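**Q** Below is the file query-v7.cif, with mmCIF, C-alpha atoms.
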```
data_target
#
loop_
_atom_site.label_atom_id
_atom_site.label_comp_id
_atom_site.auth_asym_id
_atom_site.auth_seq_id
_atom_site.Cartn_x
_atom_site.Cartn_y
_atom_site.Cartn_z
CA MET J 1 0.00 0.00 0.00
CA ASP J 2 1.17 3.52 -0.77
CA ALA J 3 1.55 6.02 2.06
CA LEU J 4 -1.72 7.57 0.92
CA HIS J 5 -4.54 5.27 -0.05
CA PHE J 6 -8.29 5.01 0.30
CA GLU J 7 -10.84 2.55 1.60
CA ILE J 8 -14.56 2.20 1.12
CA LEU J 9 -16.77 2.00 4.20
CA PRO J 10 -19.96 0.35 2.92
CA GLY J 11 -22.03 0.75 6.07
CA PHE J 12 -21.79 4.52 6.18
CA SER J 13 -24.31 6.96 4.73
CA PRO J 14 -23.21 9.08 1.77
CA VAL J 15 -23.12 12.84 2.32
CA ARG J 16 -26.48 14.25 1.26
CA GLY J 17 -26.51 17.35 -0.86
CA HIS J 18 -26.68 18.96 -4.26
CA PRO J 19 -23.82 18.81 -6.78
CA CYS J 20 -23.90 21.49 -9.45
CA TYR J 21 -21.77 23.19 -12.06
CA VAL J 22 -21.59 26.98 -11.80
CA LYS J 23 -21.01 28.30 -15.30
CA GLU J 24 -19.91 31.81 -14.33
CA ASP J 25 -17.37 30.38 -11.87
CA TYR J 26 -16.14 27.64 -14.24
CA ALA J 27 -16.47 25.37 -11.24
CA PHE J 28 -18.22 22.44 -9.63
CA GLY J 29 -19.95 23.19 -6.36
CA PHE J 30 -21.71 21.10 -3.75
CA GLN J 31 -24.36 22.33 -1.33
CA MET J 32 -24.57 20.04 1.70
CA ASP J 33 -28.04 19.41 3.12
CA GLY J 34 -28.93 21.07 6.39
CA GLY J 35 -27.33 19.36 9.36
CA GLU J 36 -24.78 17.53 7.22
CA LYS J 37 -22.23 20.32 7.42
CA GLU J 38 -22.12 20.34 11.22
CA SER J 39 -22.07 16.58 11.57
CA ARG J 40 -19.56 15.83 8.84
CA LYS J 41 -16.98 18.58 9.01
CA GLY J 42 -15.82 17.98 12.57
CA THR J 43 -14.00 20.47 14.74
CA GLN J 44 -10.67 20.71 12.93
CA GLY J 45 -11.98 21.87 9.59
CA THR J 46 -11.26 20.57 6.13
CA THR J 47 -8.70 20.36 3.41
CA SER J 48 -8.72 18.71 0.01
CA PHE J 49 -7.10 16.22 -2.28
CA VAL J 50 -6.43 17.79 -5.66
CA VAL J 51 -6.31 16.60 -9.26
CA ASP J 52 -5.40 19.51 -11.51
CA THR J 53 -7.71 22.10 -9.91
CA LEU J 54 -10.56 19.72 -9.05
CA GLN J 55 -10.83 19.14 -5.31
CA LEU J 56 -12.00 16.24 -3.20
CA GLU J 57 -12.98 17.88 0.08
CA VAL J 58 -11.99 15.90 3.18
CA ALA J 59 -12.72 16.38 6.87
CA VAL J 60 -9.51 16.52 8.90
CA ASP J 61 -11.06 14.93 12.02
CA SER J 62 -12.36 11.80 10.34
CA SER J 63 -10.36 11.63 7.07
CA LEU J 64 -13.73 11.02 5.40
CA CYS J 65 -14.15 12.54 1.94
CA LEU J 66 -17.12 14.89 1.72
CA TYR J 67 -17.72 15.87 -1.91
CA ILE J 68 -16.16 17.02 -5.19
CA TRP J 69 -15.85 20.68 -6.10
CA GLY J 70 -13.51 23.21 -7.64
CA TYR J 71 -12.39 25.17 -10.66
CA CYS J 72 -12.76 23.04 -13.77
CA PRO J 73 -13.39 24.96 -17.02
CA THR J 74 -15.33 23.08 -19.67
CA GLY J 75 -12.83 24.12 -22.35
CA ARG J 76 -10.50 21.35 -21.22
CA TRP J 77 -13.12 18.61 -21.05
CA LYS J 78 -13.02 15.81 -23.58
CA ARG J 79 -16.24 14.39 -24.94
CA SER J 80 -16.78 10.72 -24.23
CA ALA J 81 -19.65 8.28 -23.88
CA LEU J 82 -19.34 7.49 -20.19
CA SER J 83 -20.82 4.62 -18.27
CA PRO J 84 -20.20 5.12 -14.59
CA PRO J 85 -19.32 1.90 -12.80
CA MET J 86 -21.90 0.34 -10.50
CA ALA J 87 -21.51 2.09 -7.20
CA GLN J 88 -22.35 1.07 -3.66
CA PRO J 89 -23.42 3.74 -1.18
CA GLY J 90 -20.93 4.36 1.59
CA SER J 91 -18.10 6.56 2.74
CA LEU J 92 -14.63 7.08 1.31
CA ARG J 93 -11.88 7.30 3.88
CA ALA J 94 -8.32 8.44 3.28
CA ILE J 95 -5.56 6.52 5.04
CA HIS J 96 -2.36 8.47 5.32
CA ASP J 97 0.99 8.45 7.11
CA ALA J 98 1.29 12.21 7.39
CA PRO J 99 -1.52 13.95 9.28
CA LEU J 100 -3.96 16.06 7.31
CA VAL J 101 -3.57 19.77 8.01
CA PRO J 102 -6.52 22.15 7.60
CA GLY J 103 -6.03 24.19 4.45
CA VAL J 104 -3.04 22.22 3.18
CA SER J 105 -4.16 20.38 0.07
CA VAL J 106 -2.59 17.12 -1.07
CA SER J 107 -2.04 16.16 -4.69
CA LEU J 108 -3.63 13.02 -6.11
CA GLU J 109 -1.96 13.35 -9.47
CA GLU J 110 0.30 10.35 -8.89
CA MET J 111 -2.90 8.28 -8.72
CA ILE J 112 -5.34 9.98 -11.05
CA PRO J 113 -4.47 11.26 -14.52
CA GLY J 114 -5.56 14.86 -14.94
CA THR J 115 -7.78 14.14 -17.92
CA ALA J 116 -11.35 15.42 -17.71
CA TRP J 117 -14.17 13.66 -19.56
CA PHE J 118 -17.79 14.64 -19.99
CA ASP J 119 -20.76 12.87 -21.51
CA PRO J 120 -23.40 15.42 -22.57
CA ALA J 121 -25.89 12.58 -23.09
CA SER J 122 -25.74 11.24 -19.53
CA GLY J 123 -24.45 14.28 -17.65
CA TRP J 124 -21.57 12.40 -16.03
CA PHE J 125 -18.19 14.06 -15.61
CA CYS J 126 -15.11 11.92 -14.96
CA MET J 127 -11.64 12.97 -13.87
CA GLY J 128 -9.05 10.30 -14.47
CA ASN J 129 -9.38 6.85 -15.93
CA ASN J 130 -12.78 6.66 -17.60
CA GLU J 131 -12.57 2.86 -17.91
CA SER J 132 -12.55 1.23 -14.49
CA PRO J 133 -10.01 -1.50 -13.78
CA THR J 134 -11.60 -4.92 -13.29
CA ASP J 135 -10.44 -5.21 -9.69
CA ALA J 136 -11.78 -1.80 -8.70
CA GLN J 137 -14.72 -0.94 -6.46
CA THR J 138 -16.85 2.16 -6.70
CA VAL J 139 -18.49 4.09 -3.91
CA GLU J 140 -21.08 6.85 -4.03
CA PHE J 141 -19.75 8.79 -1.05
CA ALA J 142 -21.92 11.87 -1.64
CA THR J 143 -24.97 12.60 -3.73
CA GLY J 144 -23.86 12.38 -7.37
CA CYS J 145 -20.19 11.89 -6.41
CA LEU J 146 -18.38 8.60 -7.09
CA ALA J 147 -14.85 7.39 -6.45
CA VAL J 148 -13.29 4.35 -8.09
CA VAL J 149 -10.86 2.63 -5.72
CA MET J 150 -8.45 0.00 -7.00
CA ALA J 151 -7.48 -3.13 -5.09
CA ASP J 152 -4.25 -1.50 -3.93
CA GLY J 153 -6.18 1.42 -2.41
CA ARG J 154 -5.27 3.97 -5.04
CA LEU J 155 -7.96 6.04 -6.69
CA SER J 156 -8.52 5.52 -10.39
CA SER J 157 -11.08 8.23 -11.06
CA LEU J 158 -13.58 10.65 -9.58
CA TRP J 159 -17.04 11.06 -11.03
CA VAL J 160 -19.67 13.72 -10.53
CA LYS J 161 -23.08 14.30 -12.05
CA PRO J 162 -24.23 17.87 -11.46
CA GLU J 163 -27.93 18.35 -10.89
CA ASN J 164 -27.96 20.99 -13.65
CA TRP J 165 -26.23 18.65 -16.08
CA LYS J 166 -28.65 19.35 -18.96
CA GLU J 167 -27.74 23.01 -18.84
CA VAL J 168 -24.06 22.09 -18.66
CA ALA J 169 -24.46 19.71 -21.61
CA GLY J 170 -26.02 22.51 -23.65
CA GLN J 171 -23.12 24.85 -22.92
CA PHE J 172 -20.60 22.11 -23.60
CA SER J 173 -22.13 21.28 -26.98
CA GLU J 174 -22.04 24.95 -28.00
CA SER J 175 -18.39 25.39 -27.04
CA MET F 1 -3.26 35.06 9.96
CA GLY F 2 0.13 34.84 11.55
CA ASP F 3 1.62 37.60 9.41
CA ALA F 4 4.11 39.65 11.44
CA LEU F 5 3.50 43.42 11.40
CA ARG F 6 6.23 45.87 12.41
CA SER F 7 5.41 48.40 15.11
CA HIS F 8 6.93 51.86 15.60
CA ASP F 9 8.84 50.62 18.63
CA GLY F 10 10.57 47.92 16.61
CA HIS F 11 8.44 45.08 17.94
CA GLU F 12 6.51 42.71 15.70
CA ARG F 13 2.89 41.78 16.28
CA ALA F 14 1.26 38.79 14.66
CA VAL F 15 -2.19 38.99 13.05
CA GLU F 16 -4.27 36.85 15.41
CA ASP F 17 -7.67 37.02 13.78
CA VAL F 18 -9.39 38.39 10.69
CA ARG F 19 -13.11 39.02 10.90
CA ASP F 20 -15.80 40.52 8.74
CA THR F 21 -17.58 43.07 10.94
CA GLY F 22 -20.50 43.23 8.55
CA ARG F 23 -20.15 47.01 8.47
CA ALA F 24 -19.20 49.13 5.48
CA GLU F 25 -16.78 51.83 6.59
CA ALA F 26 -15.06 54.71 4.85
CA VAL F 27 -11.35 54.20 4.34
CA VAL F 28 -8.66 56.56 3.16
CA ASN F 29 -5.63 55.93 1.03
CA ALA F 30 -3.23 58.25 2.84
CA ARG F 31 -0.04 59.08 1.01
CA VAL F 32 3.13 60.32 2.68
CA ALA F 33 5.65 62.01 0.40
CA GLU F 34 8.87 60.27 -0.55
CA TYR F 35 8.51 56.87 1.11
CA HIS F 36 4.72 56.40 1.19
CA THR F 37 5.06 54.50 4.47
CA TYR F 38 3.87 55.37 7.96
CA PHE F 39 2.81 53.85 11.25
CA VAL F 40 -0.93 53.46 11.87
CA GLY F 41 -2.30 53.27 15.41
CA ASP F 42 -3.35 55.28 18.40
CA GLU F 43 -3.13 55.24 22.16
CA GLN F 44 -6.40 53.33 22.51
CA TRP F 45 -5.04 50.52 20.36
CA GLY F 46 -1.88 50.40 22.38
CA PHE F 47 0.14 49.49 19.32
CA SER F 48 0.92 50.60 15.80
CA VAL F 49 1.65 48.88 12.50
CA TRP F 50 3.85 49.94 9.64
CA ALA F 51 1.75 50.54 6.52
CA HIS F 52 2.18 51.47 2.89
CA ASN F 53 -0.47 53.27 0.88
CA SER F 54 -1.98 51.81 -2.28
CA CYS F 55 -0.35 53.57 -5.19
CA GLY F 56 2.02 53.20 -8.07
CA PRO F 57 4.36 55.63 -9.80
CA GLY F 58 2.99 59.14 -9.66
CA GLY F 59 0.37 58.13 -7.15
CA ALA F 60 -1.66 56.03 -9.61
CA PRO F 61 -3.48 53.00 -8.23
CA VAL F 62 -1.44 49.82 -8.45
CA ARG F 63 -2.83 47.43 -11.08
CA PRO F 64 -0.32 44.61 -11.39
CA HIS F 65 -1.00 42.62 -14.56
CA GLY F 66 -4.11 44.77 -15.03
CA ILE F 67 -5.70 43.52 -11.80
CA ASP F 68 -7.62 46.00 -9.67
CA LEU F 69 -6.43 44.78 -6.28
CA GLU F 70 -8.92 46.85 -4.33
CA ALA F 71 -11.88 45.42 -6.25
CA LEU F 72 -10.56 41.85 -6.55
CA ARG F 73 -13.20 39.35 -5.39
CA PRO F 74 -13.53 35.56 -5.34
CA THR F 75 -16.14 33.77 -7.37
CA GLY F 76 -19.17 32.57 -5.44
CA THR F 77 -17.76 29.05 -5.41
CA VAL F 78 -14.37 30.17 -4.10
CA ALA F 79 -16.03 32.48 -1.56
CA ALA F 80 -18.20 29.67 -0.22
CA HIS F 81 -15.16 27.53 0.48
CA ALA F 82 -13.10 30.44 1.72
CA ALA F 83 -15.77 30.84 4.39
CA GLU F 84 -15.29 27.19 5.30
CA ARG F 85 -11.51 27.46 5.31
CA PRO F 86 -10.68 30.94 6.63
CA TYR F 87 -7.29 29.66 7.71
CA ILE F 88 -6.08 29.46 4.11
CA TYR F 89 -7.93 32.32 2.45
CA SER F 90 -5.82 35.42 3.12
CA PRO F 91 -6.23 38.54 0.96
CA HIS F 92 -2.76 39.58 2.10
CA THR F 93 -1.25 36.33 0.82
CA ILE F 94 -3.13 36.64 -2.45
CA ARG F 95 -1.87 40.18 -2.92
CA ASN F 96 1.71 39.05 -2.26
CA ILE F 97 1.39 36.28 -4.82
CA ILE F 98 0.11 38.71 -7.45
CA GLU F 99 2.75 41.32 -6.75
CA LEU F 100 5.74 39.02 -6.33
CA GLY F 101 4.97 36.01 -8.52
CA THR F 102 5.18 35.60 -12.27
CA PRO F 103 1.89 34.57 -13.88
CA ARG F 104 1.29 32.61 -17.05
CA PRO F 105 -1.83 32.18 -19.15
CA ASP F 106 -4.23 29.98 -17.21
CA PRO F 107 -3.83 26.37 -18.36
CA GLY F 108 -7.51 25.93 -17.50
CA GLY F 109 -8.23 27.62 -20.79
CA VAL F 110 -10.36 30.56 -19.63
CA PRO F 111 -9.52 33.38 -22.09
CA GLY F 112 -7.60 36.18 -20.41
CA ALA F 113 -7.18 34.38 -17.10
CA LEU F 114 -3.79 34.26 -15.39
CA ARG F 115 -2.34 31.55 -13.19
CA TRP F 116 0.32 31.77 -10.47
CA ASP F 117 2.19 28.83 -8.90
CA VAL F 118 4.33 30.31 -6.16
CA PRO F 119 6.51 28.26 -3.78
CA GLY F 120 5.86 28.95 -0.13
CA SER F 121 5.06 27.47 3.23
CA PHE F 122 1.87 27.24 5.23
CA ARG F 123 1.28 25.74 8.65
CA GLY F 124 4.66 24.05 8.63
CA SER F 125 4.28 22.54 5.16
CA GLU F 126 6.41 23.43 2.16
CA GLY F 127 4.46 23.62 -1.06
CA THR F 128 2.91 25.81 -3.69
CA PHE F 129 0.28 28.52 -3.58
CA GLU F 130 -1.95 28.21 -6.65
CA LEU F 131 -3.94 31.21 -7.82
CA ALA F 132 -6.02 31.83 -10.95
CA ILE F 133 -7.66 35.18 -11.73
CA ASP F 134 -10.05 36.09 -14.52
CA LEU F 135 -8.91 39.50 -15.75
CA ALA F 136 -12.19 40.09 -17.57
CA THR F 137 -14.19 39.97 -14.33
CA ASN F 138 -11.44 40.70 -11.77
CA ARG F 139 -12.41 37.56 -9.88
CA ILE F 140 -10.41 34.82 -8.19
CA LEU F 141 -11.24 31.54 -9.92
CA HIS F 142 -8.97 29.24 -7.93
CA PHE F 143 -6.83 29.52 -4.81
CA LEU F 144 -5.25 26.88 -2.62
CA PHE F 145 -2.03 25.77 -0.98
CA ARG F 146 -0.76 22.38 -2.16
CA SER F 147 1.86 20.53 -0.13
CA GLY F 148 5.01 19.38 -1.90
CA ARG F 149 6.85 21.02 -4.77
CA ARG F 150 5.32 20.85 -8.24
#
```
Is it possible to express this structure as structure tokens?
**A**
Amino acid sequence: MDALHFEILPGFSPVRGHPCYVKEDYAFGFQMDGGEKESRKGTQGTTSFVVDTLQLEVAVDSSLCLYIWGYCPTGRWKRSALSPPMAQPGSLRAIHDAPLVPGVSVSLEEMIPGTAWFDPASGWFCMGNNESPTDAQTVEFATGCLAVVMADGRLSSLWVKPENWKEVAGQFSES
Amino acid sequence: MGDALRSHDGHERAVEDVRDTGRAEAVVNARVAEYHTYFVGDEQWGFSVWAHNSCGPGGAPVRPHGIDLEALRPTGTVAAHAAERPYIYSPHTIRNIIELGTPRPDPGGVPGALRWDVPGSFRGSEGTFELAIDLATNRILHFLFRSGRR
């Protein structure tokens, strides 16, 4: 196992909320449902794992990943017919040698290629490997947010389906 | 937070907290001839800090790379997370990055946007401050501190 790896916790409830893409910000956002923020974020605050400028928010207290967000202009997305892997609901926990520090982001680019894919027909966005390895498992750790975890604990890809995906697909097709 | 500010008596005082008072207040851009620097404070404060006014050559407002520093704002998405992570979002740090770093066209592909990757340290970690600004809207598109050198 690498110093940083991830595990799926099947018995845990995914973070409830609303993923979206904010056109004027060129960014994904995620609005947590009421009560989720207080219960999930803990007392020490958050930081993020980063692929390019896309962020996987993580609570420092629990090392549990919360949601996907961040600057991600559509101009760099590649069109692809995407079929998200079958996902089980649960939590995604980071396991790390070095402690997480609030506000100090950690790169995931040794695990996940910084290639962004989008399927305007399904609304799914994928960062990383858009074809899941056979030995991988997928977790829906937050509403509309998936992570593909390989047998060795490394992440293969992150997936998000914004609630306003039809609007995003329209913009993407025009660009 | 944590920035050391020089006082008139030679001591340094660290910024302990930054808060939004929710009040809009008049401010002045006071200019002192020659050096443009002065100490700000009074007896009630019990301390002073060494300040520099906002100006460029001839007293013109500073607009590094065409950015209006006074009007610079984060996008709604960045602002929402800045509120969650006040420990990383420092306007002072962002200003330093803009003024001292060398930008390049934003690899994200937004026309006219600039990107900075500036080595630095934060909370004991060595790493890189990443900043992207859209010149067309004078807004911060992306800002974070990433551990490790890129």
**Q** Please compute the atom CA of Thr47 of chain J-atom CA of Cys65 of chain J distance, one decimal, in Å.
**A**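 Between atom CA of Thr47 of chain J and atom CA of Cys65 of chain J the gap works out to 9.6 Å.
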**Q** Any chance you could tabulate, as a Markdown table, the residues of chain F at most 7 Å from chain J with each one's nearest atom pair and distance in Å to one decimal, using all atoms listed in the file, in chain and rising number order?
**A**
```
| residue | atom | partner | partner_atom | distance |
| --- | --- | --- | --- | --- |
| F:Thr75 | CA | J:Asp25 | CA | 5.8 |
| F:Thr77 | CA | J:Gly29 | CA | 6.3 |
| F:Arg85 | CA | J:Gly103 | CA | 6.4 |
| F:Tyr87 | CA | J:Gly103 | CA | 6.5 |
| F:Ile88 | CA | J:Gly103 | CA | 5.3 |
| F:Gly108 | CA | J:Pro73 | CA | 6.0 |
| F:Gly109 | CA | J:Gly75 | CA | 6.0 |
| F:Val110 | CA | J:Pro73 | CA | 6.9 |
| F:Leu141 | CA | J:Tyr71 | CA | 6.5 |
| F:His142 | CA | J:Tyr71 | CA | 6.0 |
| F:Phe145 | CA | J:Val104 | CA | 5.6 |
| F:Arg146 | CA | J:Ser105 | CA | 4.5 |
| F:Ser147 | CA | J:Val106 | CA | 5.7 |
```
**Q** In the coordinates of the file, take the point (-9.3, 3.0, -6.8) and a cut-off of 10 Å; then, counting all atoms listed in the file, name each qualifying protein, DNA or RNA residue as a ChimeraX atom specification.
**A** /J:5-8,111-112,129,132-133,135-139,147-158
**Q** Please evaluate the PyMOL selection byres ((chain F and resi 101) around 10) against the displayed coordinates and give the resulting residues as a list of chain:residue names.
**A** F:Arg95, F:Asn96, F:Ile97, F:Ile98, F:Glu99, F:Leu100, F:Thr102, F:Pro103, F:Arg104, F:Arg115, F:Trp116, F:Asp117, F:Val118, F:Pro119
**Q** Take the point (-4.2, 28.5, -3.5) as written in the file and pick out every residue within 7 Å of it, counting all atoms listed in the file; give the list as a list in words.
**A**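 Those residues, ordered by chain and then number, are Phe129, Glu130, Leu131, His142, Phe143, Leu144 and Phe145 of chain F.
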**Q** For Trp159 of chain J, find every residue with an atom within 7 Å (counting only C-alpha atoms), except residues of its own chain fewer than 6 positions away, and show them as a VMD selection string.
**A** chain J and resid 124 to 127 145 to 147
**Q** Can you tell me how far atom CA of Gly124 of chain F sits from atom CA of Ser62 of chain J, in Å to one decimal?
**A**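 Computing it gives 21.0 Å between the two atoms.
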**Q** Which residue gives the smallest distance to Asp61 of chain J among J:Ala81, J:Leu92, J:Glu36, J:Leu100, with only C-alpha atoms counted?
**A**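 Result for the nearest residue to Asp61 of chain J: J:Leu100.
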**Q** What does the distance between atom CA of Val49 of chain F and atom CA of Leu5 of chain F come to in Å, to one decimal place?
**A**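 If I compute the distance from atom CA of Val49 of chain F to atom CA of Leu5 of chain F, I get 5.9 Å.
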**Q** Any chance you could resolve the PyMOL selection byres ((chain F and resi 12) around 12) against this file and give the residues as a ChimeraX atom specification?
**A** /F:2-11,13-15,47-50
**Q** Starting from the PyMOL selection byres ((chain F and resi 135) around 7), expand the selection into actual residues of this file and give them as a ChimeraX atom specification.
**A** /F:67,112-113,133-134,136-138
